[in-house]
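Colleague: One structure coming up, written as structure tokens, with questions to follow.
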2 protein chains.
Amino acid sequence: MNSQADTGQSLPRARRRPRVSKGDLREQALLDAAEEQLRHSSVAELTMDSIARKAGITRSAAYFYFGSKEDVVHAVIERATEHLFTGLDAAGQAEADTALHQALNALLDNWRHHGHIFRVGIELAAHPGYRHVWAGLIEHGVTLACAAVARDRARGLVGTDPDEDEKLLRVVAWACERNCYLLFAREHTAQEESELLSALSTLAHRTLGYTGR
Amino acid sequence: MNSQADTGQSLPRARRRPRVSKGDLREQALLDAAEEQLRHSSVAELTMDSIARKAGITRSAAYFYFGSKEDVVHAVIERATEHLFTGLDAAGQAEADTALHQALNALLDNWRHHGHIFRVGIELAAHPGYRHVWAGLIEHGVTLACAAVARDRARGLVGTDPDEDEKLLRVVAWACERNCYLLFAREHTAQEESELLSALSTLAHRTLGYTGR
DNA sequence: AGATAAATTCGACACTGCGTCAAAAATCGT
DNA sequence: ACGATTTTTGACGCAGTGTCGAATTTATCT
């Protein structure tokens, strides 16, 4: 959990001791402070000063742990996305519905819980340097979705060429990303959430060539 | 073309004369300078100073015309998007293909010509204050797409409930926005462009329930 | 043309936020 | 209790923003 291992972008002063020291706690405190503020404000609004203050230290001291504001945000996202996509790979257990639908359902659930982090990741992805990280996350989603569709195909629910799956699912994945972002970036109702799920489900199933939709 | 009418966000000193004065030319020169730089750099990189210099005046003088850097960018986008969506409403003339496909084709064409402006608009839309403007642009696209689908339905090409069109097309529109952004924001080949068109076309037609796809 | 008012430009200023540095202070091992 | 290491701090310089009053240019009206 040494600071220079965070992102490799810009490196703060090095720390050696691998034990759990005061500094390691501070590092977590900084991430907590940043994540908390990101719930209510955008990346642009966040300042190194506000993060440090909330963590109980000076701005200068914060630079001992992270080389820049972006580094902090990267670390926040990394920490949060470790437990991500839970449920997506488990999709397909319930026989009642398609694995694809269950995957989408799980995705929406992820958005409900980690939406504020996703939002930040997407906003950060506007900066070229971080884009590929976010794209990698989406790509992981594509892989999981491919598996779900494959399971459905084995059940005889899909009637199209398997070779097209990945290409189409990639487009669909970004469609989900964008539409979820739009909804979760603003105040919205549970009703709107279920309508989005319905629309995305229709889009995904029809695009992938599910029979009887 | 008075500066206070640009966006209404933050107001620079007022000018009265409605004629074409030296200042009006400067205003255009500033927009030209900004647009030129936006071809190669992001909004964040753009500086009020660099814009002003390129237009041949001082940074301070630029503030006489625009209240902030964002105001300049807004004006750039507004000026560029006036001639937007050309071809989308004309889609459906050629009987050989569906109006929807022609609309998508026209959309990609728009991206080819105005991609750098679209990119800026999307990046700017991350800021809440501008989001609705961009959303309005997309909504316009949705309207045009609805018309295209309606024309295709009249030709007996679509087999689903017309009431669902708008909701589905809105999701599809954002899917196009996002996927086009991803492609055009980086170096890419004509091959990739046509593959994207193909994927989006498949997505749109299947989602909307076109028969025989 | 000359007076006058409006439009335009400039340089200086105050402010915020970033990232760096050397030195001080706290902490830890022995 | 001592020295070494980790952590913290305040001061510094940089870049960019937005404002202001004063100068300068330009247009308008006798």
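Residues are named by chain letter and number: chains run A, B, ... in the order of the structure tokens, numbers start at 1 in each chain, and ligands are numbered from 1 in the order shown.
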Got a sec to pull out which chain D residues are within 9 Å of chain B, counting only C-alpha atoms (C1' of nucleotides), and send them as a count of residues only?
Modeller: 4
Colleague: Restrict the distance test to only C-alpha atoms, flag each residue of chain B within 8 Å of chain A, and return the flagged residues as an mmCIF file with N, CA and C atoms, in the first residue's frame.
Modeller:
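In the end it all went to iface.cif:
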```cif
data_model
loop_
_atom_site.group_PDB
_atom_site.id
_atom_site.type_symbol
_atom_site.label_atom_id
_atom_site.label_comp_id
_atom_site.auth_asym_id
_atom_site.auth_seq_id
_atom_site.Cartn_x
_atom_site.Cartn_y
_atom_site.Cartn_z
ATOM 1 N N GLU B 123 -17.381 16.696 -24.105
ATOM 2 C CA GLU B 123 -16.513 16.902 -22.944
ATOM 3 C C GLU B 123 -17.058 18.014 -22.061
ATOM 4 N N ALA B 126 -19.909 17.234 -19.501
ATOM 5 C CA ALA B 126 -19.616 16.653 -18.194
ATOM 6 C C ALA B 126 -19.904 17.678 -17.109
ATOM 7 N N LYS B 167 -38.858 6.112 -27.127
ATOM 8 C CA LYS B 167 -38.086 5.652 -25.974
ATOM 9 C C LYS B 167 -36.861 4.842 -26.399
ATOM 10 N N LEU B 168 -37.088 3.944 -27.351
ATOM 11 C CA LEU B 168 -35.968 3.121 -27.818
ATOM 12 C C LEU B 168 -34.950 3.946 -28.587
ATOM 13 N N VAL B 171 -32.489 5.817 -26.397
ATOM 14 C CA VAL B 171 -31.389 4.968 -25.928
ATOM 15 C C VAL B 171 -30.399 4.718 -27.070
ATOM 16 N N VAL B 172 -30.929 4.467 -28.241
ATOM 17 C CA VAL B 172 -30.067 4.223 -29.406
ATOM 18 C C VAL B 172 -29.246 5.460 -29.749
ATOM 19 N N TRP B 174 -28.124 7.828 -27.802
ATOM 20 C CA TRP B 174 -26.991 7.977 -26.888
ATOM 21 C C TRP B 174 -25.944 6.903 -27.150
ATOM 22 N N ALA B 175 -26.402 5.738 -27.587
ATOM 23 C CA ALA B 175 -25.451 4.688 -27.957
ATOM 24 C C ALA B 175 -24.595 5.170 -29.126
ATOM 25 N N CYS B 176 -25.225 5.805 -30.101
ATOM 26 C CA CYS B 176 -24.487 6.343 -31.244
ATOM 27 C C CYS B 176 -23.523 7.419 -30.783
ATOM 28 N N ARG B 178 -22.103 7.949 -27.920
ATOM 29 C CA ARG B 178 -20.971 7.426 -27.173
ATOM 30 C C ARG B 178 -19.985 6.671 -28.055
ATOM 31 N N ASN B 179 -20.517 5.821 -28.926
ATOM 32 C CA ASN B 179 -19.633 5.005 -29.753
ATOM 33 C C ASN B 179 -18.904 5.836 -30.808
ATOM 34 N N ALA B 199 -22.209 -1.828 -37.225
ATOM 35 C CA ALA B 199 -22.648 -2.277 -35.904
ATOM 36 C C ALA B 199 -23.821 -1.445 -35.403
ATOM 37 N N LEU B 200 -23.708 -0.130 -35.546
ATOM 38 C CA LEU B 200 -24.792 0.749 -35.087
ATOM 39 C C LEU B 200 -26.058 0.521 -35.886
ATOM 40 N N THR B 202 -26.980 -2.281 -37.337
ATOM 41 C CA THR B 202 -27.566 -3.527 -36.839
ATOM 42 C C THR B 202 -28.310 -3.290 -35.530
ATOM 43 N N LEU B 203 -27.613 -2.606 -34.626
ATOM 44 C CA LEU B 203 -28.221 -2.300 -33.330
ATOM 45 C C LEU B 203 -29.536 -1.551 -33.474
ATOM 46 N N ALA B 204 -29.520 -0.516 -34.304
ATOM 47 C CA ALA B 204 -30.713 0.318 -34.462
ATOM 48 C C ALA B 204 -31.858 -0.453 -35.103
ATOM 49 N N ARG B 206 -32.390 -3.731 -35.425
ATOM 50 C CA ARG B 206 -32.927 -4.828 -34.621
ATOM 51 C C ARG B 206 -33.712 -4.294 -33.431
ATOM 52 N N THR B 207 -33.162 -3.260 -32.794
ATOM 53 C CA THR B 207 -33.837 -2.698 -31.627
ATOM 54 C C THR B 207 -35.214 -2.169 -31.985
ATOM 55 N N GLY B 209 -37.026 -3.164 -34.326
ATOM 56 C CA GLY B 209 -37.900 -4.215 -34.828
ATOM 57 C C GLY B 209 -38.095 -4.223 -36.323
#
```
Colleague: May I ask you to extract the residues of chain C within 12 Å of chain A, using only C-alpha atoms (C1' of nucleotides), and to give them as a short mmCIF file (atom, residue, chain, number, x, y, z; two decimals) with C-alpha atoms (C1' of nucleotides), in the first residue's frame?
Modeller:
```cif
data_model
loop_
_atom_site.label_atom_id
_atom_site.label_comp_id
_atom_site.auth_asym_id
_atom_site.auth_seq_id
_atom_site.Cartn_x
_atom_site.Cartn_y
_atom_site.Cartn_z
"C1'" DT C 16 -7.21 30.42 -6.34
"C1'" DG C 17 -5.02 26.14 -6.99
"C1'" DC C 18 -1.06 23.47 -8.16
"C1'" DG C 19 3.45 21.21 -7.13
"C1'" DT C 20 8.21 21.64 -4.81
"C1'" DC C 21 11.52 22.26 -1.21
"C1'" DA C 26 6.85 13.23 15.43
"C1'" DT C 27 7.74 8.33 15.54
"C1'" DC C 28 10.26 4.13 15.84
#
```
Colleague: Find the spatial neighbours of DT25 of chain D, counting only C-alpha atoms (C1' of nucleotides), within a cut-off of 9 Å - ignore same-chain residues fewer than 4 positions away - and output them as a list in words.
Modeller: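 Counting only the stated atoms, we get DA7, DT8 and DT9 of chain C.
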Colleague: When you count only C-alpha atoms (C1' of nucleotides), which of these residues is closest to DA1 of chain D: C:DT30, C:DA24, C:DG2, C:DG11?
Modeller: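 Among the listed residues, C:DT30 lies closest to DA1 of chain D.
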Colleague: If you count only C-alpha atoms (C1' of nucleotides), which residues fall within 12 Å of Leu38 of chain A, apart from same-chain ones fewer than 2 positions away, as a PyMOL selection string?
Modeller: chain A and resi 31-36+40-47+50-51+72-73+76-77+114-121+123+185
Colleague: Could you take the residues named above and write them with N, CA and C atoms, as an mmCIF file, in the first residue's frame?
Modeller:
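Output contents, as saved in out_23.cif:
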```cif
data_model
loop_
_atom_site.group_PDB
_atom_site.id
_atom_site.type_symbol
_atom_site.label_atom_id
_atom_site.label_comp_id
_atom_site.auth_asym_id
_atom_site.auth_seq_id
_atom_site.Cartn_x
_atom_site.Cartn_y
_atom_site.Cartn_z
ATOM 1 N N LEU A 31 -8.192 8.929 0.955
ATOM 2 C CA LEU A 31 -9.098 8.325 -0.022
ATOM 3 C C LEU A 31 -10.547 8.449 0.455
ATOM 4 N N ASP A 32 -10.754 8.208 1.762
ATOM 5 C CA ASP A 32 -12.102 8.355 2.310
ATOM 6 C C ASP A 32 -12.617 9.770 2.100
ATOM 7 N N ALA A 33 -11.752 10.734 2.432
ATOM 8 C CA ALA A 33 -12.141 12.137 2.302
ATOM 9 C C ALA A 33 -12.507 12.468 0.858
ATOM 10 N N ALA A 34 -11.675 12.004 -0.067
ATOM 11 C CA ALA A 34 -11.932 12.283 -1.482
ATOM 12 C C ALA A 34 -13.234 11.626 -1.937
ATOM 13 N N GLU A 35 -13.390 10.352 -1.601
ATOM 14 C CA GLU A 35 -14.593 9.624 -2.035
ATOM 15 C C GLU A 35 -15.848 10.287 -1.480
ATOM 16 N N GLU A 36 -15.774 10.688 -0.207
ATOM 17 C CA GLU A 36 -16.927 11.338 0.401
ATOM 18 C C GLU A 36 -17.328 12.598 -0.365
ATOM 19 N N HIS A 40 -20.832 14.311 -3.744
ATOM 20 C CA HIS A 40 -21.640 15.511 -3.945
ATOM 21 C C HIS A 40 -21.055 16.518 -4.919
ATOM 22 N N SER A 41 -19.794 16.317 -5.293
ATOM 23 C CA SER A 41 -19.217 17.286 -6.229
ATOM 24 C C SER A 41 -18.428 16.577 -7.327
ATOM 25 N N SER A 42 -18.146 17.302 -8.378
ATOM 26 C CA SER A 42 -17.441 16.724 -9.516
ATOM 27 C C SER A 42 -15.937 16.725 -9.282
ATOM 28 N N VAL A 43 -15.219 16.062 -10.173
ATOM 29 C CA VAL A 43 -13.762 15.984 -10.062
ATOM 30 C C VAL A 43 -13.154 17.376 -10.134
ATOM 31 N N ALA A 44 -13.707 18.206 -10.995
ATOM 32 C CA ALA A 44 -13.158 19.546 -11.195
ATOM 33 C C ALA A 44 -13.271 20.375 -9.919
ATOM 34 N N GLU A 45 -14.338 20.171 -9.179
ATOM 35 C CA GLU A 45 -14.541 20.960 -7.965
ATOM 36 C C GLU A 45 -13.596 20.533 -6.842
ATOM 37 N N LEU A 46 -13.287 19.265 -6.828
ATOM 38 C CA LEU A 46 -12.400 18.721 -5.790
ATOM 39 C C LEU A 46 -11.048 19.435 -5.790
ATOM 40 N N THR A 47 -10.539 19.796 -4.603
ATOM 41 C CA THR A 47 -9.208 20.381 -4.536
ATOM 42 C C THR A 47 -8.356 19.568 -3.564
ATOM 43 N N SER A 50 -9.048 20.705 -0.020
ATOM 44 C CA SER A 50 -10.264 20.233 0.658
ATOM 45 C C SER A 50 -10.117 18.775 1.084
ATOM 46 N N ILE A 51 -9.459 17.982 0.250
ATOM 47 C CA ILE A 51 -9.223 16.579 0.602
ATOM 48 C C ILE A 51 -8.367 16.486 1.858
ATOM 49 N N VAL A 72 -4.981 10.823 -6.551
ATOM 50 C CA VAL A 72 -5.925 10.496 -5.485
ATOM 51 C C VAL A 72 -7.192 9.900 -6.073
ATOM 52 N N VAL A 73 -7.724 10.580 -7.082
ATOM 53 C CA VAL A 73 -8.972 10.118 -7.684
ATOM 54 C C VAL A 73 -8.797 8.737 -8.316
ATOM 55 N N VAL A 76 -8.892 6.287 -5.633
ATOM 56 C CA VAL A 76 -10.266 6.123 -5.137
ATOM 57 C C VAL A 76 -11.029 5.153 -6.027
ATOM 58 N N ILE A 77 -10.930 5.390 -7.328
ATOM 59 C CA ILE A 77 -11.644 4.547 -8.283
ATOM 60 C C ILE A 77 -11.135 3.107 -8.202
ATOM 61 N N HIS A 114 -22.510 1.918 -6.616
ATOM 62 C CA HIS A 114 -21.241 2.602 -6.868
ATOM 63 C C HIS A 114 -21.377 3.709 -7.910
ATOM 64 N N GLY A 115 -22.593 4.140 -8.137
ATOM 65 C CA GLY A 115 -22.840 5.118 -9.184
ATOM 66 C C GLY A 115 -21.948 6.343 -9.107
ATOM 67 N N HIS A 116 -21.739 6.835 -7.902
ATOM 68 C CA HIS A 116 -20.943 8.065 -7.782
ATOM 69 C C HIS A 116 -19.498 7.841 -8.211
ATOM 70 N N ILE A 117 -19.003 6.623 -8.012
ATOM 71 C CA ILE A 117 -17.642 6.314 -8.448
ATOM 72 C C ILE A 117 -17.592 6.138 -9.964
ATOM 73 N N PHE A 118 -18.567 5.421 -10.493
ATOM 74 C CA PHE A 118 -18.648 5.261 -11.951
ATOM 75 C C PHE A 118 -18.651 6.622 -12.621
ATOM 76 N N ARG A 119 -19.468 7.498 -12.071
ATOM 77 C CA ARG A 119 -19.610 8.842 -12.645
ATOM 78 C C ARG A 119 -18.231 9.504 -12.751
ATOM 79 N N VAL A 120 -17.484 9.441 -11.649
ATOM 80 C CA VAL A 120 -16.159 10.040 -11.618
ATOM 81 C C VAL A 120 -15.242 9.395 -12.660
ATOM 82 N N GLY A 121 -15.295 8.074 -12.735
ATOM 83 C CA GLY A 121 -14.476 7.373 -13.711
ATOM 84 C C GLY A 121 -14.759 7.837 -15.121
ATOM 85 N N GLU A 123 -16.142 10.721 -16.032
ATOM 86 C CA GLU A 123 -15.706 12.107 -16.219
ATOM 87 C C GLU A 123 -14.185 12.175 -16.374
ATOM 88 N N ALA A 185 -26.485 10.404 -13.041
ATOM 89 C CA ALA A 185 -25.794 11.663 -12.775
ATOM 90 C C ALA A 185 -26.770 12.726 -12.288
#
```
Colleague: Quick one, how far is atom C1' of DT4 of chain C from atom C1' of DC29 of chain D?
Modeller: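 Atom C1' of DT4 of chain C sits 8.3 Å away from atom C1' of DC29 of chain D.
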